[in-house]
$ cat query-v1.txt   # compact mmCIF, C-alpha atoms
# COMPACT_ATOMS: atom_id res chain seq x y z
CA MET A 10 0.00 0.00 0.00
CA SER A 11 1.19 3.49 -0.73
CA GLN A 12 1.34 6.20 1.91
CA GLY A 13 -1.85 7.83 0.59
CA GLU A 14 -3.81 4.60 1.07
CA THR A 15 -3.12 4.19 4.81
CA PHE A 16 -3.99 6.23 7.84
CA SER A 17 -1.19 8.15 9.54
CA SER A 18 0.55 6.55 12.49
CA GLY A 19 -1.12 9.15 14.75
CA SER A 20 -4.58 8.29 13.45
CA ARG A 21 -3.88 4.60 13.94
CA ALA A 22 -2.61 5.21 17.48
CA PHE A 23 -5.77 7.14 18.40
CA HIS A 24 -7.97 4.46 16.79
CA TRP A 25 -6.40 1.48 18.54
CA GLY A 26 -5.93 3.30 21.85
CA ALA A 27 -9.58 4.31 21.85
CA ALA A 28 -10.61 0.81 20.72
CA VAL A 29 -8.88 -0.82 23.67
CA LEU A 30 -10.31 1.75 26.10
CA VAL A 31 -13.85 1.44 24.70
CA LEU A 32 -13.80 -2.37 24.86
CA LEU A 33 -12.50 -2.27 28.44
CA MET A 34 -15.08 0.35 29.40
CA LEU A 35 -17.95 -1.57 27.81
CA TYR A 36 -16.91 -4.70 29.65
CA GLY A 37 -16.44 -2.74 32.86
CA GLY A 38 -19.74 -0.94 32.47
CA PHE A 39 -21.72 -4.13 32.02
CA THR A 40 -19.95 -5.84 34.95
CA LEU A 41 -19.59 -2.80 37.23
CA SER A 42 -19.22 -3.34 40.97
CA ARG A 43 -18.36 -1.08 43.91
CA GLU A 44 -14.79 -2.39 43.73
CA THR A 45 -14.34 -1.61 40.03
CA ALA A 46 -16.32 1.64 39.86
CA THR A 47 -13.39 3.88 40.80
CA TRP A 48 -11.38 2.48 37.85
CA HIS A 49 -14.37 2.82 35.52
CA PHE A 50 -14.75 6.49 36.52
CA GLY A 51 -11.04 7.14 36.04
CA PHE A 52 -10.81 5.47 32.66
CA GLY A 53 -13.94 7.36 31.62
CA LEU A 54 -12.01 10.59 32.20
CA ILE A 55 -9.18 9.21 30.08
CA VAL A 56 -11.60 8.26 27.30
CA LEU A 57 -13.04 11.78 27.27
CA THR A 58 -9.55 13.30 27.13
CA VAL A 59 -8.47 10.96 24.32
CA MET A 60 -11.63 11.75 22.35
CA VAL A 61 -11.12 15.51 22.62
CA PHE A 62 -7.56 15.18 21.33
CA TRP A 63 -8.61 12.70 18.63
CA LEU A 64 -11.40 14.98 17.38
CA VAL A 65 -8.91 17.84 17.08
CA TRP A 66 -6.50 15.46 15.32
CA ARG A 67 -9.20 14.31 12.89
CA MET A 68 -10.00 17.89 11.91
CA ARG A 69 -6.37 18.44 10.91
CA ALA A 70 -5.12 15.04 9.69
CA ALA A 71 -5.51 13.90 6.10
CA ARG A 72 -7.63 10.79 5.67
CA PRO A 73 -7.16 8.30 2.87
CA ALA A 74 -10.01 8.07 0.39
CA LEU A 75 -12.35 5.13 0.71
CA PRO A 76 -11.68 2.37 -1.79
CA PRO A 77 -14.28 1.94 -4.54
CA MET A 78 -17.50 0.57 -3.04
CA PRO A 79 -21.25 0.88 -3.57
CA ARG A 80 -22.67 4.22 -2.46
CA TRP A 81 -24.77 2.60 0.31
CA GLN A 82 -21.61 1.09 1.84
CA GLU A 83 -19.85 4.46 1.73
CA ILE A 84 -22.82 6.11 3.47
CA ALA A 85 -22.99 3.27 6.03
CA ALA A 86 -19.24 3.45 6.73
CA LYS A 87 -19.26 7.21 7.23
CA SER A 88 -22.42 7.05 9.34
CA VAL A 89 -21.05 4.35 11.64
CA HIS A 90 -17.74 6.21 12.04
CA HIS A 91 -19.47 9.50 12.87
CA LEU A 92 -21.87 7.81 15.27
CA LEU A 93 -18.99 5.95 16.96
CA MET A 94 -17.09 9.19 17.48
CA LEU A 95 -20.23 10.87 18.83
CA CYS A 96 -21.25 8.03 21.15
CA VAL A 97 -17.73 7.45 22.49
CA THR A 98 -17.42 11.18 23.24
CA LEU A 99 -20.87 11.43 24.83
CA GLN A 100 -20.53 8.30 26.99
CA PRO A 101 -18.10 9.78 29.54
CA ILE A 102 -20.08 13.04 29.53
CA PHE A 103 -23.23 11.11 30.47
CA GLY A 104 -21.18 9.22 33.06
CA LEU A 105 -20.00 12.51 34.53
CA MET A 106 -23.63 13.67 34.70
CA MET A 107 -24.24 10.69 36.97
CA VAL A 108 -21.20 10.68 39.20
CA THR A 109 -20.89 14.45 39.72
CA THR A 110 -24.50 14.61 40.93
CA SER A 111 -24.56 11.34 42.88
CA LYS A 112 -25.70 10.85 46.48
CA ARG A 113 -22.41 9.04 47.07
CA GLU A 114 -18.89 10.46 47.02
CA PRO A 115 -17.47 8.94 43.81
CA VAL A 116 -13.73 9.05 43.16
CA ALA A 117 -11.70 8.25 40.06
CA PHE A 118 -8.76 5.88 40.56
CA GLY A 119 -9.46 6.08 44.28
CA VAL A 120 -8.04 9.63 44.57
CA ILE A 121 -9.85 12.12 42.29
CA PRO A 122 -13.12 13.31 43.87
CA LEU A 123 -15.88 13.67 41.28
CA LYS A 124 -18.92 14.85 43.19
CA ILE A 125 -19.94 18.44 42.54
CA ALA A 126 -23.43 18.64 44.01
CA GLN A 127 -26.21 16.13 44.51
CA ASN A 128 -28.97 16.54 41.95
CA ASP A 129 -31.33 13.60 41.58
CA THR A 130 -32.85 14.89 38.32
CA VAL A 131 -29.52 15.35 36.50
CA ASN A 132 -28.28 12.08 38.00
CA GLY A 133 -31.34 10.22 36.69
CA ILE A 134 -31.06 11.74 33.22
CA GLY A 135 -27.35 10.89 33.10
CA HIS A 136 -28.07 7.35 34.26
CA VAL A 137 -30.65 6.75 31.51
CA LEU A 138 -28.56 8.37 28.77
CA HIS A 139 -25.39 6.51 29.86
CA GLY A 140 -27.25 3.18 29.72
CA ILE A 141 -28.92 3.79 26.36
CA ASN A 142 -25.76 5.21 24.80
CA GLY A 143 -23.72 2.28 26.12
CA ARG A 144 -25.98 -0.18 24.33
CA ILE A 145 -25.92 1.87 21.12
CA LEU A 146 -22.13 2.05 21.42
CA LEU A 147 -21.88 -1.72 21.80
CA ALA A 148 -24.02 -2.23 18.67
CA LEU A 149 -21.89 0.26 16.69
CA VAL A 150 -18.66 -1.42 17.80
CA LEU A 151 -19.99 -4.81 16.68
CA ILE A 152 -21.10 -3.36 13.31
CA HIS A 153 -17.71 -1.68 12.88
CA ILE A 154 -15.80 -4.89 13.63
CA ALA A 155 -18.10 -6.97 11.40
CA ALA A 156 -17.68 -4.53 8.50
CA ALA A 157 -13.89 -4.50 8.86
CA LEU A 158 -13.80 -8.31 8.86
CA TYR A 159 -16.21 -8.44 5.88
CA HIS A 160 -13.94 -6.16 3.88
CA HIS A 161 -10.85 -8.13 4.86
CA PHE A 162 -12.04 -11.72 4.47
CA ILE A 163 -14.91 -11.50 1.96
CA LEU A 164 -14.09 -8.51 -0.27
CA LYS A 165 -10.33 -8.90 0.29
CA ASP A 166 -9.72 -5.16 -0.05
CA ASN A 167 -7.44 -2.85 1.95
CA VAL A 168 -10.07 -1.30 4.25
CA LEU A 169 -8.79 -3.10 7.35
CA LYS A 170 -5.14 -3.19 6.33
CA ARG A 171 -4.91 0.61 6.10
CA MET A 172 -5.79 0.94 9.83
CA LEU A 173 -3.69 -1.94 11.17
CA PRO A 174 -1.01 -0.81 13.65
CA PHE A 175 1.82 -2.15 11.50
CA ALA A 176 0.57 -0.69 8.20
CA LYS A 177 3.17 1.40 6.40
CA GLY A 178 2.16 5.00 6.06

$ encode --input "query-v1.txt" --output "structure tokens"
Amino acid sequence: MSQGETFSSGSRAFHWGAAVLVLLMLYGGFTLSRETATWHFGFGLIVLTVMVFWLVWRMRAARPALPPMPRWQEIAAKSVHHLLMLCVTLQPIFGLMMVTTSKREPVAFGVIPLKIAQNDTVNGIGHVLHGINGRILLALVLIHIAAALYHHFILKDNVLKRMLPFAKG
């Protein structure tokens, strides 16, 4: 693959870093306990920070053109990518709506206090949005992975290869 066909090393680093964090957070969110909550809160802050930097990066970094594909696939690919970016960015914001307004005294990584002021209404809204968005996020991740594998194993094109960590570019 030529350099124009692959994502930059920075784009790939953000993608795979966020991918690992999102998968860990989804697992952690669906298996959350009092013992693991402090880590979930802390990594949520990291996810939000990564997403802010990645969004700035994406506005400035060149992106390789999509390979030839039917228009519906192009629309689907762009839609899923945009929705993933939106949902991953919103998820920690919804989480912060919950923890900063909680009755409890939540802390990130056991040391960073997160409570601002108790507000049952904001807490409830954050709780509902965090739960709904988490399920949407899980569905989008599964669609994204399935599409990448479809392109790699069925269509045998370079869609997956251009984002692999060891791709030249």

$ atom_distance --input "query-v1.txt" --atom1 "CA of Val131 in chain A" --atom2 "CA of Met106 in chain A"
6.4 Å

$ atom_distance --input "query-v1.txt" --atom1 "CA of Asp166 in chain A" --atom2 "CA of His91 in chain A"
21.8 Å

$ atom_distance --input "query-v1.txt" --atom1 "CA of Pro122 in chain A" --atom2 "CA of Ala46 in chain A"
12.7 Å

$ residues_around --input "query-v1.txt" --residues "range 95-102 of chain A" --least-positions-apart "6" --cutoff "8 Å" --atoms "all atoms listed in the file" --output "number ranges by chain"
A: 31, 53-54, 56-57, 60-61, 139, 142-143, 145-146

$ write_last_selection --input "query-v1.txt" --atoms "C-alpha atoms" --output "PDB file, keeping the file's coordinate frame"
ATOM      1  CA  VAL A  31     -13.850   1.440  24.700  1.00  0.00           C
ATOM      2  CA  GLY A  53     -13.940   7.360  31.620  1.00  0.00           C
ATOM      3  CA  LEU A  54     -12.010  10.590  32.200  1.00  0.00           C
ATOM      4  CA  VAL A  56     -11.600   8.260  27.300  1.00  0.00           C
ATOM      5  CA  LEU A  57     -13.040  11.780  27.270  1.00  0.00           C
ATOM      6  CA  MET A  60     -11.630  11.750  22.350  1.00  0.00           C
ATOM      7  CA  VAL A  61     -11.120  15.510  22.620  1.00  0.00           C
ATOM      8  CA  HIS A 139     -25.390   6.510  29.860  1.00  0.00           C
ATOM      9  CA  ASN A 142     -25.760   5.210  24.800  1.00  0.00           C
ATOM     10  CA  GLY A 143     -23.720   2.280  26.120  1.00  0.00           C
ATOM     11  CA  ILE A 145     -25.920   1.870  21.120  1.00  0.00           C
ATOM     12  CA  LEU A 146     -22.130   2.050  21.420  1.00  0.00           C
TER      13      LEU A 146
END

$ closest_residue --input "query-v1.txt" --among "A:Gly19, A:Gly135, A:Gly51, A:Gly26" --to "Val120 in chain A" --atoms "all atoms listed in the file"
A:Gly51

$ closest_residue --input "query-v1.txt" --among "A:Ser18, A:Asn167, A:Gln82, A:Ser111" --to "Asn128 in chain A" --atoms "all atoms listed in the file"
A:Ser111

$ closest_residue --input "query-v1.txt" --among "A:Gln127, A:Met172, A:Trp25, A:Ala148" --to "Val89 in chain A" --atoms "all atoms listed in the file"
A:Ala148

$ closest_residue --input "query-v1.txt" --among "A:His153, A:Leu105, A:Phe175, A:Leu64" --to "Ser88 in chain A" --atoms "only C-alpha atoms"
A:His153

$ residues_near_point --input "query-v1.txt" --point "(-19.3, 0.7, 29.6)" --cutoff "9 Å" --atoms "only C-alpha atoms" --output "PDB file with C-alpha atoms, keeping the file's coordinate frame"
ATOM      1  CA  VAL A  31     -13.850   1.440  24.700  1.00  0.00           C
ATOM      2  CA  LEU A  32     -13.800  -2.370  24.860  1.00  0.00           C
ATOM      3  CA  LEU A  33     -12.500  -2.270  28.440  1.00  0.00           C
ATOM      4  CA  MET A  34     -15.080   0.350  29.400  1.00  0.00           C
ATOM      5  CA  LEU A  35     -17.950  -1.570  27.810  1.00  0.00           C
ATOM      6  CA  TYR A  36     -16.910  -4.700  29.650  1.00  0.00           C
ATOM      7  CA  GLY A  37     -16.440  -2.740  32.860  1.00  0.00           C
ATOM      8  CA  GLY A  38     -19.740  -0.940  32.470  1.00  0.00           C
ATOM      9  CA  PHE A  39     -21.720  -4.130  32.020  1.00  0.00           C
ATOM     10  CA  THR A  40     -19.950  -5.840  34.950  1.00  0.00           C
ATOM     11  CA  LEU A  41     -19.590  -2.800  37.230  1.00  0.00           C
ATOM     12  CA  HIS A  49     -14.370   2.820  35.520  1.00  0.00           C
ATOM     13  CA  GLY A  53     -13.940   7.360  31.620  1.00  0.00           C
ATOM     14  CA  GLN A 100     -20.530   8.300  26.990  1.00  0.00           C
ATOM     15  CA  HIS A 139     -25.390   6.510  29.860  1.00  0.00           C
ATOM     16  CA  GLY A 140     -27.250   3.180  29.720  1.00  0.00           C
ATOM     17  CA  GLY A 143     -23.720   2.280  26.120  1.00  0.00           C
ATOM     18  CA  ARG A 144     -25.980  -0.180  24.330  1.00  0.00           C
ATOM     19  CA  LEU A 146     -22.130   2.050  21.420  1.00  0.00           C
ATOM     20  CA  LEU A 147     -21.880  -1.720  21.800  1.00  0.00           C
TER      21      LEU A 147
END

$ closest_residue --input "query-v1.txt" --among "A:Ala117, A:Lys112, A:Phe52, A:Leu93" --to "Leu30 in chain A" --atoms "all atoms listed in the file"
A:Phe52

$ axis_aligned_box --input "query-v1.txt" --around "range 23-34 of chain A" --padding-each-side "4 Å" --output "lines of an AutoDock Vina configuration file"
center_x = -10.4
center_y = 2.4
center_z = 23.1
size_x = 17.3
size_y = 17.5
size_z = 20.6
